[in-house]
>>> print(open('target_4.pdb').read())   # PDB, C-alpha atoms
ATOM      1  CA  MET A   1      -7.964 -23.720 -22.645
ATOM      2  CA  SER A   2      -9.472 -20.382 -21.696
ATOM      3  CA  ALA A   3      -8.996 -18.776 -18.329
ATOM      4  CA  PRO A   4     -11.546 -19.379 -15.568
ATOM      5  CA  THR A   5     -14.410 -16.885 -15.375
ATOM      6  CA  MET A   6     -15.110 -14.938 -12.197
ATOM      7  CA  ALA A   7     -17.769 -17.496 -11.205
ATOM      8  CA  GLU A   8     -15.306 -20.362 -11.711
ATOM      9  CA  ARG A   9     -12.619 -18.501  -9.766
ATOM     10  CA  LYS A  10     -14.957 -17.972  -6.850
ATOM     11  CA  ALA A  11     -16.053 -21.637  -6.865
ATOM     12  CA  CYS A  12     -12.398 -22.671  -6.822
ATOM     13  CA  TRP A  13     -11.546 -20.297  -3.955
ATOM     14  CA  ALA A  14     -14.538 -21.501  -1.946
ATOM     15  CA  ALA A  15     -13.488 -25.144  -2.391
ATOM     16  CA  ARG A  16      -9.945 -24.265  -1.432
ATOM     17  CA  ASP A  17     -11.102 -22.394   1.684
ATOM     18  CA  GLU A  18     -13.306 -25.318   2.741
ATOM     19  CA  PHE A  19     -10.434 -27.721   2.282
ATOM     20  CA  TRP A  20      -8.073 -25.459   4.246
ATOM     21  CA  ARG A  21     -10.621 -25.042   7.037
ATOM     22  CA  CYS A  22     -10.825 -28.819   7.273
ATOM     23  CA  LEU A  23      -7.054 -29.034   7.483
ATOM     24  CA  ASP A  24      -7.092 -26.391  10.219
ATOM     25  CA  THR A  25      -9.646 -28.273  12.301
ATOM     26  CA  HIS A  26      -7.860 -31.594  11.882
ATOM     27  CA  THR A  27      -4.379 -30.025  12.151
ATOM     28  CA  GLU A  28      -3.097 -30.934   8.709
ATOM     29  CA  ASP A  29      -4.423 -34.508   8.878
ATOM     30  CA  ALA A  30      -4.840 -34.800   5.119
ATOM     31  CA  PRO A  31      -6.643 -38.196   4.878
ATOM     32  CA  ARG A  32      -9.562 -36.846   6.954
ATOM     33  CA  CYS A  33     -10.201 -34.131   4.378
ATOM     34  CA  GLU A  34      -9.954 -36.400   1.317
ATOM     35  CA  LYS A  35     -13.427 -35.550   0.007
ATOM     36  CA  LEU A  36     -12.828 -31.816   0.201
ATOM     37  CA  ARG A  37      -9.457 -32.260  -1.421
ATOM     38  CA  ARG A  38     -11.080 -34.014  -4.387
ATOM     39  CA  SER A  39     -13.664 -31.259  -4.668
ATOM     40  CA  PHE A  40     -10.912 -28.612  -4.558
ATOM     41  CA  GLU A  41      -8.949 -30.417  -7.273
ATOM     42  CA  SER A  42     -11.989 -30.716  -9.525
ATOM     43  CA  LEU A  43     -13.009 -27.065  -9.238
ATOM     44  CA  CYS A  44      -9.548 -25.531  -9.714
ATOM     45  CA  PRO A  45      -7.135 -25.775 -12.640
ATOM     46  CA  GLN A  46      -4.231 -28.107 -11.901
ATOM     47  CA  GLN A  47      -1.730 -25.226 -11.918
ATOM     48  CA  TRP A  48      -3.775 -23.414  -9.319
ATOM     49  CA  VAL A  49      -3.933 -26.491  -7.084
ATOM     50  CA  LYS A  50      -0.144 -26.686  -7.157
ATOM     51  CA  TYR A  51       0.101 -22.938  -6.550
ATOM     52  CA  PHE A  52      -2.333 -22.998  -3.604
ATOM     53  CA  ASP A  53      -0.580 -26.024  -2.091
ATOM     54  CA  LYS A  54       2.701 -24.134  -2.157
ATOM     55  CA  ARG A  55       0.967 -21.098  -0.726
ATOM     56  CA  ARG A  56      -0.454 -23.191   2.111
ATOM     57  CA  ASP A  57       3.002 -24.549   2.892
ATOM     58  CA  PHE A  58       4.394 -21.042   2.932
ATOM     59  CA  LEU A  59       1.619 -19.683   5.187
ATOM     60  CA  LYS A  60       2.109 -22.557   7.631
ATOM     61  CA  TYR A  61       5.859 -22.008   7.647
ATOM     62  CA  LYS A  62       5.382 -18.306   8.259
ATOM     63  CA  GLU A  63       3.002 -19.072  11.126
ATOM     64  CA  LYS A  64       5.559 -21.407  12.635
ATOM     65  CA  LEU A  65       8.298 -18.777  12.372
ATOM     66  CA  GLU A  66       6.101 -16.181  14.009
ATOM     67  CA  SER A  67       5.157 -18.416  16.914
ATOM     68  CA  GLU A  68       8.281 -20.464  17.434
ATOM     69  CA  GLY A  69      11.029 -18.235  16.160
ATOM     70  CA  PHE A  70      13.736 -19.058  13.691
ATOM     71  CA  HIS A  71      15.994 -22.085  14.369
ATOM     72  CA  PRO A  72      18.655 -22.444  11.690
ATOM     73  CA  ALA A  73      19.410 -26.078  10.772
ATOM     74  CA  GLU A  74      22.274 -27.660  12.733
ATOM     75  CA  THR A  75      24.277 -28.279   9.558
ATOM     76  CA  ALA A  76      24.287 -24.563   8.831
ATOM     77  CA  GLY A  77      27.267 -24.286  11.175
ATOM     78  CA  LYS A  78      29.819 -25.037   8.452
ATOM     79  CA  SER A  79      30.944 -21.831   6.833
TER
ATOM     80  CA  MET B   1      32.540  50.898  63.646
ATOM     81  CA  ALA B   2      30.644  53.905  62.340
ATOM     82  CA  LEU B   3      27.793  52.840  64.523
ATOM     83  CA  ALA B   4      29.769  53.909  67.594
ATOM     84  CA  LEU B   5      29.652  57.508  66.379
ATOM     85  CA  LEU B   6      25.862  57.603  66.069
ATOM     86  CA  PRO B   7      23.893  59.112  68.901
ATOM     87  CA  ALA B   8      22.036  56.589  71.075
ATOM     88  CA  ARG B   9      18.578  57.512  69.736
ATOM     89  CA  CYS B  10      19.616  56.409  66.242
ATOM     90  CA  LEU B  11      20.879  53.065  67.421
ATOM     91  CA  ARG B  12      17.561  52.389  69.049
ATOM     92  CA  ARG B  13      15.872  52.483  65.552
ATOM     93  CA  LEU B  14      18.200  49.993  63.886
ATOM     94  CA  PRO B  15      16.522  46.711  64.825
ATOM     95  CA  ARG B  16      13.438  47.720  62.853
ATOM     96  CA  LEU B  17      15.428  47.885  59.611
ATOM     97  CA  LEU B  18      16.226  44.188  59.760
ATOM     98  CA  PRO B  19      13.434  41.855  58.605
ATOM     99  CA  ALA B  20      11.849  39.767  61.322
ATOM    100  CA  PRO B  21      13.173  36.223  60.772
ATOM    101  CA  SER B  22       9.855  34.480  61.350
ATOM    102  CA  ARG B  23       7.966  36.332  58.618
ATOM    103  CA  GLY B  24       7.440  34.480  55.304
ATOM    104  CA  LEU B  25       7.896  30.974  56.657
ATOM    105  CA  SER B  26       4.604  30.522  58.401
ATOM    106  CA  GLY B  27       2.762  32.200  55.520
ATOM    107  CA  ALA B  28       0.330  33.814  57.894
ATOM    108  CA  ARG B  29      -0.673  36.542  55.477
ATOM    109  CA  GLY B  30      -1.069  35.277  51.843
ATOM    110  CA  GLY B  31       2.010  33.012  51.617
ATOM    111  CA  PRO B  32       5.400  33.731  49.926
ATOM    112  CA  PRO B  33       5.414  37.196  48.353
ATOM    113  CA  SER B  34       6.574  36.011  44.852
ATOM    114  CA  ALA B  35       3.794  33.360  44.114
ATOM    115  CA  LEU B  36       1.160  33.818  41.345
ATOM    116  CA  PRO B  37      -2.447  32.914  42.001
ATOM    117  CA  LEU B  38      -3.466  29.372  40.894
ATOM    118  CA  GLY B  39      -5.440  30.534  37.883
ATOM    119  CA  ARG B  40      -2.491  32.477  36.546
ATOM    120  CA  ARG B  41      -0.175  29.472  37.002
ATOM    121  CA  VAL B  42      -2.560  27.173  35.117
ATOM    122  CA  ALA B  43      -2.695  29.718  32.321
ATOM    123  CA  VAL B  44       1.106  29.863  32.071
ATOM    124  CA  VAL B  45       1.439  26.066  31.964
ATOM    125  CA  ALA B  46      -1.313  25.834  29.371
ATOM    126  CA  ALA B  47       0.351  28.458  27.211
ATOM    127  CA  VAL B  48       3.749  26.763  27.370
ATOM    128  CA  GLY B  49       2.165  23.342  26.773
ATOM    129  CA  GLY B  50       0.164  24.682  23.858
ATOM    130  CA  ALA B  51       3.224  26.269  22.308
ATOM    131  CA  ALA B  52       5.220  23.050  22.681
ATOM    132  CA  GLY B  53       2.363  20.983  21.242
ATOM    133  CA  GLY B  54       1.959  23.381  18.353
ATOM    134  CA  ALA B  55       5.666  23.264  17.602
ATOM    135  CA  TRP B  56       5.642  19.466  17.665
ATOM    136  CA  LEU B  57       2.680  19.254  15.285
ATOM    137  CA  TYR B  58       4.303  21.732  12.915
ATOM    138  CA  LEU B  59       7.597  19.829  12.903
ATOM    139  CA  ARG B  60       5.806  16.537  12.338
ATOM    140  CA  ALA B  61       3.831  17.973   9.407
ATOM    141  CA  ARG B  62       7.002  19.432   7.959
ATOM    142  CA  LYS B  63       8.822  16.111   8.277
ATOM    143  CA  GLU B  64       5.947  14.352   6.480
ATOM    144  CA  ARG B  65       6.013  16.950   3.705
ATOM    145  CA  GLU B  66       9.755  16.597   3.285
ATOM    146  CA  ARG B  67       9.444  12.815   3.124
ATOM    147  CA  ARG B  68       6.815  13.093   0.397
ATOM    148  CA  GLU B  69       8.890  15.598  -1.556
ATOM    149  CA  ARG B  70      11.968  13.383  -1.333
ATOM    150  CA  ARG B  71       9.956  10.418  -2.598
ATOM    151  CA  GLN B  72       8.637  12.523  -5.471
ATOM    152  CA  ARG B  73      12.174  13.554  -6.446
ATOM    153  CA  GLU B  74      13.281   9.924  -6.416
ATOM    154  CA  LEU B  75      10.326   8.790  -8.506
ATOM    155  CA  ARG B  76      10.896  11.609 -10.953
ATOM    156  CA  ALA B  77      14.561  10.615 -11.283
ATOM    157  CA  LEU B  78      13.450   7.079 -12.129
ATOM    158  CA  ALA B  79      11.208   8.519 -14.884
ATOM    159  CA  LEU B  80       9.556   5.182 -15.473
ATOM    160  CA  GLY B  81       7.379   4.554 -18.444
ATOM    161  CA  GLN B  82       9.082   6.886 -20.873
ATOM    162  CA  GLY B  83       8.783   6.155 -24.514
ATOM    163  CA  ASN B  84       5.777   5.114 -26.450
ATOM    164  CA  PHE B  85       3.926   1.822 -26.360
ATOM    165  CA  GLN B  86       1.834   0.255 -29.102
ATOM    166  CA  LEU B  87      -0.817  -2.153 -27.937
ATOM    167  CA  VAL B  88      -4.347  -3.243 -28.764
ATOM    168  CA  ASP B  89      -7.276  -2.739 -26.392
ATOM    169  CA  HIS B  90      -9.888  -5.357 -25.568
ATOM    170  CA  ARG B  91     -12.160  -4.030 -28.304
ATOM    171  CA  GLY B  92      -9.480  -4.573 -30.889
ATOM    172  CA  GLN B  93      -8.541  -0.884 -31.230
ATOM    173  CA  PRO B  94      -4.868   0.044 -31.483
ATOM    174  CA  ARG B  95      -3.722   2.141 -28.561
ATOM    175  CA  CYS B  96      -0.529   3.986 -27.951
ATOM    176  CA  LYS B  97       0.653   5.900 -24.910
ATOM    177  CA  ALA B  98      -0.241   9.273 -26.391
ATOM    178  CA  ASP B  99      -3.906   8.206 -26.335
ATOM    179  CA  PHE B 100      -3.820   8.479 -22.554
ATOM    180  CA  ARG B 101      -2.233  11.926 -22.412
ATOM    181  CA  GLY B 102      -4.287  14.306 -20.359
ATOM    182  CA  GLN B 103      -5.696  11.454 -18.262
ATOM    183  CA  TRP B 104      -4.832  10.123 -14.853
ATOM    184  CA  VAL B 105      -4.200   6.404 -15.165
ATOM    185  CA  LEU B 106      -4.045   3.583 -12.626
ATOM    186  CA  LEU B 107      -2.214   0.739 -14.314
ATOM    187  CA  TYR B 108      -1.867  -2.908 -13.339
ATOM    188  CA  PHE B 109       0.147  -5.625 -15.097
ATOM    189  CA  GLY B 110      -1.251  -9.137 -14.763
ATOM    190  CA  PHE B 111      -2.562 -12.114 -16.695
ATOM    191  CA  THR B 112      -5.965 -13.768 -17.049
ATOM    192  CA  HIS B 113      -4.887 -17.203 -15.789
ATOM    193  CA  CYS B 114      -3.792 -15.664 -12.509
ATOM    194  CA  PRO B 115      -5.020 -17.734  -9.489
ATOM    195  CA  ASP B 116      -5.803 -14.999  -6.964
ATOM    196  CA  VAL B 117      -3.515 -11.989  -6.891
ATOM    197  CA  CYS B 118      -4.641 -10.299 -10.117
ATOM    198  CA  PRO B 119      -8.389 -10.530  -9.390
ATOM    199  CA  ASP B 120      -7.716  -9.173  -5.880
ATOM    200  CA  GLU B 121      -5.601  -6.292  -7.145
ATOM    201  CA  LEU B 122      -8.040  -5.446  -9.927
ATOM    202  CA  GLU B 123     -10.911  -5.457  -7.416
ATOM    203  CA  LYS B 124      -8.911  -3.104  -5.260
ATOM    204  CA  LEU B 125      -8.081  -0.885  -8.220
ATOM    205  CA  SER B 126     -11.734  -0.805  -9.263
ATOM    206  CA  ARG B 127     -12.746   0.112  -5.737
ATOM    207  CA  ALA B 128     -10.183   2.935  -5.602
ATOM    208  CA  VAL B 129     -11.509   4.320  -8.902
ATOM    209  CA  GLU B 130     -15.072   4.082  -7.594
ATOM    210  CA  LEU B 131     -14.106   6.057  -4.503
ATOM    211  CA  LEU B 132     -12.502   8.760  -6.632
ATOM    212  CA  ASP B 133     -15.500   8.807  -9.000
ATOM    213  CA  ARG B 134     -17.655   9.874  -6.067
ATOM    214  CA  ASP B 135     -15.960  13.259  -5.999
ATOM    215  CA  ALA B 136     -17.330  15.134  -9.009
ATOM    216  CA  ALA B 137     -14.626  17.797  -8.691
ATOM    217  CA  LEU B 138     -11.828  15.351  -9.540
ATOM    218  CA  PRO B 139     -10.918  14.257 -13.074
ATOM    219  CA  ARG B 140     -12.029  10.709 -13.977
ATOM    220  CA  VAL B 141      -9.280   8.127 -13.545
ATOM    221  CA  GLN B 142      -8.676   5.655 -16.359
ATOM    222  CA  PRO B 143      -8.063   2.122 -14.990
ATOM    223  CA  LEU B 144      -5.779   0.076 -17.227
ATOM    224  CA  PHE B 145      -4.828  -3.585 -17.327
ATOM    225  CA  ILE B 146      -1.861  -4.770 -19.404
ATOM    226  CA  THR B 147      -1.201  -8.466 -19.805
ATOM    227  CA  VAL B 148       2.187 -10.038 -19.132
ATOM    228  CA  ASP B 149       1.028 -13.215 -20.904
ATOM    229  CA  PRO B 150       0.518 -12.180 -24.537
ATOM    230  CA  GLU B 151       0.765 -15.786 -25.762
ATOM    231  CA  ARG B 152      -2.546 -16.715 -24.156
ATOM    232  CA  ASP B 153      -4.166 -13.355 -23.485
ATOM    233  CA  ASP B 154      -5.426 -12.294 -26.874
ATOM    234  CA  VAL B 155      -8.070  -9.601 -27.361
ATOM    235  CA  ALA B 156     -10.977 -11.969 -26.693
ATOM    236  CA  ALA B 157      -9.401 -13.357 -23.523
ATOM    237  CA  VAL B 158      -8.677  -9.891 -22.177
ATOM    238  CA  ALA B 159     -12.215  -8.737 -23.033
ATOM    239  CA  ARG B 160     -13.701 -11.653 -21.079
ATOM    240  CA  TYR B 161     -11.439 -10.870 -18.153
ATOM    241  CA  VAL B 162     -11.904  -7.121 -17.744
ATOM    242  CA  ARG B 163     -15.684  -7.142 -17.800
ATOM    243  CA  ASP B 164     -15.719  -8.553 -14.252
ATOM    244  CA  PHE B 165     -14.190  -5.354 -12.880
ATOM    245  CA  HIS B 166     -14.754  -1.605 -13.132
ATOM    246  CA  PRO B 167     -16.817  -0.693 -16.233
ATOM    247  CA  ARG B 168     -14.114   1.730 -17.385
ATOM    248  CA  LEU B 169     -11.314  -0.837 -17.006
ATOM    249  CA  LEU B 170      -9.498  -1.062 -20.325
ATOM    250  CA  GLY B 171      -7.461  -4.156 -21.108
ATOM    251  CA  LEU B 172      -4.424  -3.998 -23.361
ATOM    252  CA  THR B 173      -2.531  -6.730 -25.133
ATOM    253  CA  GLY B 174      -0.286  -7.079 -28.163
ATOM    254  CA  SER B 175       2.486  -9.118 -29.691
ATOM    255  CA  PRO B 176       5.113 -10.578 -27.338
ATOM    256  CA  GLU B 177       7.588  -7.902 -28.519
ATOM    257  CA  GLN B 178       5.175  -5.058 -27.833
ATOM    258  CA  VAL B 179       4.293  -6.394 -24.389
ATOM    259  CA  LYS B 180       7.953  -6.939 -23.583
ATOM    260  CA  ALA B 181       8.660  -3.320 -24.568
ATOM    261  CA  VAL B 182       5.995  -1.847 -22.325
ATOM    262  CA  SER B 183       6.817  -4.075 -19.352
ATOM    263  CA  GLY B 184      10.466  -3.144 -19.804
ATOM    264  CA  ALA B 185       9.573   0.542 -19.810
ATOM    265  CA  TYR B 186       7.768   0.127 -16.490
ATOM    266  CA  ARG B 187      10.438  -2.243 -15.156
ATOM    267  CA  VAL B 188       7.862  -4.916 -14.568
ATOM    268  CA  TYR B 189       9.367  -8.312 -13.856
ATOM    269  CA  ALA B 190       7.478 -11.164 -15.527
ATOM    270  CA  SER B 191       8.541 -14.781 -15.870
ATOM    271  CA  ALA B 192       6.408 -17.654 -17.143
ATOM    272  CA  GLY B 193       6.675 -20.766 -15.001
ATOM    273  CA  PRO B 194       6.889 -24.379 -16.205
ATOM    274  CA  LYS B 195       3.971 -25.707 -18.254
ATOM    275  CA  ASP B 196       1.961 -28.670 -17.015
ATOM    276  CA  GLU B 197       0.294 -31.375 -19.165
ATOM    277  CA  ASP B 198      -2.521 -29.014 -20.173
ATOM    278  CA  GLY B 199      -0.002 -26.429 -21.233
ATOM    279  CA  ASP B 200      -1.138 -24.274 -18.354
ATOM    280  CA  TYR B 201       1.418 -22.167 -16.512
ATOM    281  CA  ILE B 202       1.610 -19.355 -14.016
ATOM    282  CA  VAL B 203       3.435 -16.112 -14.755
ATOM    283  CA  ASP B 204       5.374 -14.826 -11.819
ATOM    284  CA  HIS B 205       5.284 -11.007 -11.960
ATOM    285  CA  THR B 206       5.670  -7.762 -10.037
ATOM    286  CA  ILE B 207       2.489  -6.946  -8.160
ATOM    287  CA  ILE B 208       2.169  -3.178  -8.338
ATOM    288  CA  ILE B 209      -0.448  -0.618  -9.289
ATOM    289  CA  TYR B 210       1.136   2.371 -11.041
ATOM    290  CA  LEU B 211      -0.213   5.918 -11.038
ATOM    291  CA  LEU B 212       0.469   7.878 -14.216
ATOM    292  CA  GLY B 213      -0.118  11.618 -14.457
ATOM    293  CA  PRO B 214      -1.682  13.469 -17.388
ATOM    294  CA  ASP B 215       1.748  13.916 -18.984
ATOM    295  CA  GLY B 216       2.070  10.111 -19.194
ATOM    296  CA  LEU B 217       4.811   9.856 -16.607
ATOM    297  CA  PHE B 218       4.879   7.609 -13.614
ATOM    298  CA  LEU B 219       4.043   9.493 -10.397
ATOM    299  CA  ASP B 220       3.566   6.863  -7.727
ATOM    300  CA  TYR B 221       3.055   3.170  -7.093
ATOM    301  CA  TYR B 222       1.016   1.055  -4.693
ATOM    302  CA  ASN B 223       1.887  -2.447  -3.565
ATOM    303  CA  ARG B 224      -0.255  -5.261  -2.227
ATOM    304  CA  SER B 225      -0.441  -3.827   1.256
ATOM    305  CA  LYS B 226      -2.058  -0.530   0.176
ATOM    306  CA  THR B 227      -5.828  -0.566   0.600
ATOM    307  CA  ALA B 228      -8.247   0.962  -1.899
ATOM    308  CA  ASP B 229      -8.882   3.827   0.520
ATOM    309  CA  LYS B 230      -5.198   4.621   0.830
ATOM    310  CA  ILE B 231      -4.761   4.499  -2.928
ATOM    311  CA  ALA B 232      -7.709   6.831  -3.521
ATOM    312  CA  GLU B 233      -6.360   9.213  -0.872
ATOM    313  CA  SER B 234      -2.928   9.257  -2.474
ATOM    314  CA  VAL B 235      -4.301   9.794  -5.985
ATOM    315  CA  ARG B 236      -6.407  12.664  -4.740
ATOM    316  CA  ARG B 237      -3.341  14.271  -3.119
ATOM    317  CA  HIS B 238      -1.401  13.946  -6.357
ATOM    318  CA  MET B 239      -4.247  15.489  -8.319
ATOM    319  CA  GLU B 240      -4.437  18.409  -5.957
ATOM    320  CA  SER B 241      -0.730  19.148  -6.027
ATOM    321  CA  TYR B 242      -0.054  18.267  -9.641
ATOM    322  CA  GLU B 243       2.647  20.101 -11.613
ATOM    323  CA  PRO B 244       3.672  18.751 -15.016
ATOM    324  CA  LEU B 245       7.000  16.932 -14.894
ATOM    325  CA  LEU B 246       7.812  17.580 -18.532
ATOM    326  CA  ASP B 247       7.260  20.755 -20.533
TER
END
>>> encode(input="target_4.pdb", output="structure tokens")
Amino acid sequence: MSAPTMAERKACWAARDEFWRCLDTHTEDAPRCEKLRRSFESLCPQQWVKYFDKRRDFLKYKEKLESEGFHPAETAGKS
Amino acid sequence: MALALLPARCLRRLPRLLPAPSRGLSGARGGPPSALPLGRRVAVVAAVGGAAGGAWLYLRARKERERRERRQRELRALALGQGNFQLVDHRGQPRCKADFRGQWVLLYFGFTHCPDVCPDELEKLSRAVELLDRDAALPRVQPLFITVDPERDDVAAVARYVRDFHPRLLGLTGSPEQVKAVSGAYRVYASAGPKDEDGDYIVDHTIIIYLLGPDGLFLDYYNRSKTADKIAESVRRHMESYEPLLD
């Protein structure tokens, strides 16, 4: 399986960005963006979908930290 | 007491020797005797301010210079990238490190199945080289890409990959042992992730662009946050102040 070409990479990134924009407008309401999700999954290699999903999680977490601050879990009290 | 011995006519003169108490406070004639005119005062303040500002700028420039020199000493002590490497370029030609002697090199380690980081960094690298190309007085920089995924990135794969970037970008690959040797020499971390059903996997790796001088030694590095402009500026500074690290 050869690596995606530049054109394929750009198509994948565009589909990902559209899907993420949809998630942003519908505040992570995944079922509303089902069609875009399918398009994203068809245009990107499976590994990349997994990678971008993790990246999305990380970016959202980072955003949350920056706006809400860090609250360590209650169970972290045991030393 | 001596005053009692003076004749009366002398005593009559004494009051005039004492200053009249009211003079100087009302400023009737030109104000306090020790003041400078306004223009002169402005000039003095400007001179002192200018001297202070000049001193501050000088100290700041000196601090920046010392910081750069300290960084250079540290990088030199690291002496990354020593030893030879034996790889194959994307045209199938064998290449070793000595082939790049005499050239300035901007080097990036990546892999062709990379989702986004490698294309971004190679775009940035290409842009930095383009910016430097614009100055005809500077030597031409050789952009270099070395794969950290030799299992999949054979010569053909690397050739397909590099043609999307700067025309001078040269891709290098080799056997897993050869690639491991060169990534070890540059202390590049690379770790292949788990394979999925297609056999596809992502290689986690250090994201750095390395600058090598004409003697083949590592001079500087640029991480993801450095823009193409900053990289070009830094390379130019290195070129202008270059002294060979080895004899």
>>> atom_distance(input="target_4.pdb", atom1="atom CA of Asp215 of chain B", atom2="atom CA of Arg70 of chain B")
20.4 Å
>>> atom_distance(input="target_4.pdb", atom1="atom CA of Leu106 of chain B", atom2="atom CA of Pro150 of chain B")
20.3 Å
>>> interface_residues(input="target_4.pdb", of="chain B", to="chain A", cutoff="7 Å", atoms="all atoms listed in the file", output="short mmCIF file (atom, residue, chain, number, x, y, z; two decimals) with C-alpha atoms, keeping the file's coordinate frame")
data_model
loop_
_atom_site.label_atom_id
_atom_site.label_comp_id
_atom_site.auth_asym_id
_atom_site.auth_seq_id
_atom_site.Cartn_x
_atom_site.Cartn_y
_atom_site.Cartn_z
CA THR B 112 -5.96 -13.77 -17.05
CA HIS B 113 -4.89 -17.20 -15.79
CA PRO B 115 -5.02 -17.73 -9.49
CA ASP B 164 -15.72 -8.55 -14.25
CA ASP B 200 -1.14 -24.27 -18.35
CA TYR B 201 1.42 -22.17 -16.51
#
>>> residues_around(input="target_4.pdb", residues="segment 171-178 of chain B", least_positions_apart="3", cutoff="9 Å", atoms="all atoms listed in the file", output="PDB file with C-alpha atoms, in the frame of the given file")
ATOM      1  CA  PHE B  85       3.926   1.822 -26.360  1.00  0.00           C
ATOM      2  CA  GLN B  86       1.834   0.255 -29.102  1.00  0.00           C
ATOM      3  CA  LEU B  87      -0.817  -2.153 -27.937  1.00  0.00           C
ATOM      4  CA  VAL B  88      -4.347  -3.243 -28.764  1.00  0.00           C
ATOM      5  CA  ASP B  89      -7.276  -2.739 -26.392  1.00  0.00           C
ATOM      6  CA  HIS B  90      -9.888  -5.357 -25.568  1.00  0.00           C
ATOM      7  CA  ARG B  91     -12.160  -4.030 -28.304  1.00  0.00           C
ATOM      8  CA  ARG B  95      -3.722   2.141 -28.561  1.00  0.00           C
ATOM      9  CA  PRO B 143      -8.063   2.122 -14.990  1.00  0.00           C
ATOM     10  CA  LEU B 144      -5.779   0.076 -17.227  1.00  0.00           C
ATOM     11  CA  PHE B 145      -4.828  -3.585 -17.327  1.00  0.00           C
ATOM     12  CA  ILE B 146      -1.861  -4.770 -19.404  1.00  0.00           C
ATOM     13  CA  THR B 147      -1.201  -8.466 -19.805  1.00  0.00           C
ATOM     14  CA  VAL B 148       2.187 -10.038 -19.132  1.00  0.00           C
ATOM     15  CA  ASP B 149       1.028 -13.215 -20.904  1.00  0.00           C
ATOM     16  CA  PRO B 150       0.518 -12.180 -24.537  1.00  0.00           C
ATOM     17  CA  GLU B 151       0.765 -15.786 -25.762  1.00  0.00           C
ATOM     18  CA  ASP B 153      -4.166 -13.355 -23.485  1.00  0.00           C
ATOM     19  CA  ASP B 154      -5.426 -12.294 -26.874  1.00  0.00           C
ATOM     20  CA  VAL B 155      -8.070  -9.601 -27.361  1.00  0.00           C
ATOM     21  CA  VAL B 158      -8.677  -9.891 -22.177  1.00  0.00           C
ATOM     22  CA  ALA B 159     -12.215  -8.737 -23.033  1.00  0.00           C
ATOM     23  CA  TYR B 161     -11.439 -10.870 -18.153  1.00  0.00           C
ATOM     24  CA  VAL B 162     -11.904  -7.121 -17.744  1.00  0.00           C
ATOM     25  CA  ALA B 181       8.660  -3.320 -24.568  1.00  0.00           C
ATOM     26  CA  VAL B 182       5.995  -1.847 -22.325  1.00  0.00           C
ATOM     27  CA  SER B 183       6.817  -4.075 -19.352  1.00  0.00           C
TER      28      SER B 183
END
>>> closest_residue(input="target_4.pdb", among="A:Ala30, A:Leu36, A:Leu43, A:Leu59", to="Glu8 of chain A", atoms="all atoms listed in the file")
A:Leu43
>>> build_atoms(input="target_4.pdb", residues="segment 213-221 of chain B", atoms="N, CA, C and O atoms", output="compact mmCIF listing (two decimals), in the frame of the given file")
# COMPACT_ATOMS: atom_id res chain seq x y z
N GLY B 213 0.50 10.29 -14.39
CA GLY B 213 -0.12 11.62 -14.46
C GLY B 213 -0.54 11.95 -15.87
O GLY B 213 -0.25 11.20 -16.81
N PRO B 214 -1.19 13.09 -16.05
CA PRO B 214 -1.68 13.47 -17.39
C PRO B 214 -0.58 13.65 -18.42
O PRO B 214 -0.86 13.65 -19.62
N ASP B 215 0.68 13.82 -18.00
CA ASP B 215 1.75 13.92 -18.98
C ASP B 215 2.30 12.54 -19.33
O ASP B 215 3.31 12.41 -20.00
N GLY B 216 1.66 11.46 -18.84
CA GLY B 216 2.07 10.11 -19.19
C GLY B 216 3.20 9.56 -18.34
O GLY B 216 3.61 8.43 -18.52
N LEU B 217 3.70 10.35 -17.42
CA LEU B 217 4.81 9.86 -16.61
C LEU B 217 4.34 9.25 -15.29
O LEU B 217 3.33 9.66 -14.73
N PHE B 218 5.15 8.34 -14.83
CA PHE B 218 4.88 7.61 -13.61
C PHE B 218 5.04 8.53 -12.39
O PHE B 218 6.05 9.19 -12.24
N LEU B 219 4.01 8.59 -11.55
CA LEU B 219 4.04 9.49 -10.40
C LEU B 219 4.14 8.77 -9.06
O LEU B 219 4.65 9.32 -8.10
N ASP B 220 3.59 7.56 -9.01
CA ASP B 220 3.57 6.86 -7.73
C ASP B 220 3.24 5.40 -7.97
O ASP B 220 2.83 5.03 -9.07
N TYR B 221 3.40 4.58 -6.95
CA TYR B 221 3.06 3.17 -7.09
C TYR B 221 2.49 2.65 -5.78
O TYR B 221 2.76 3.22 -4.72
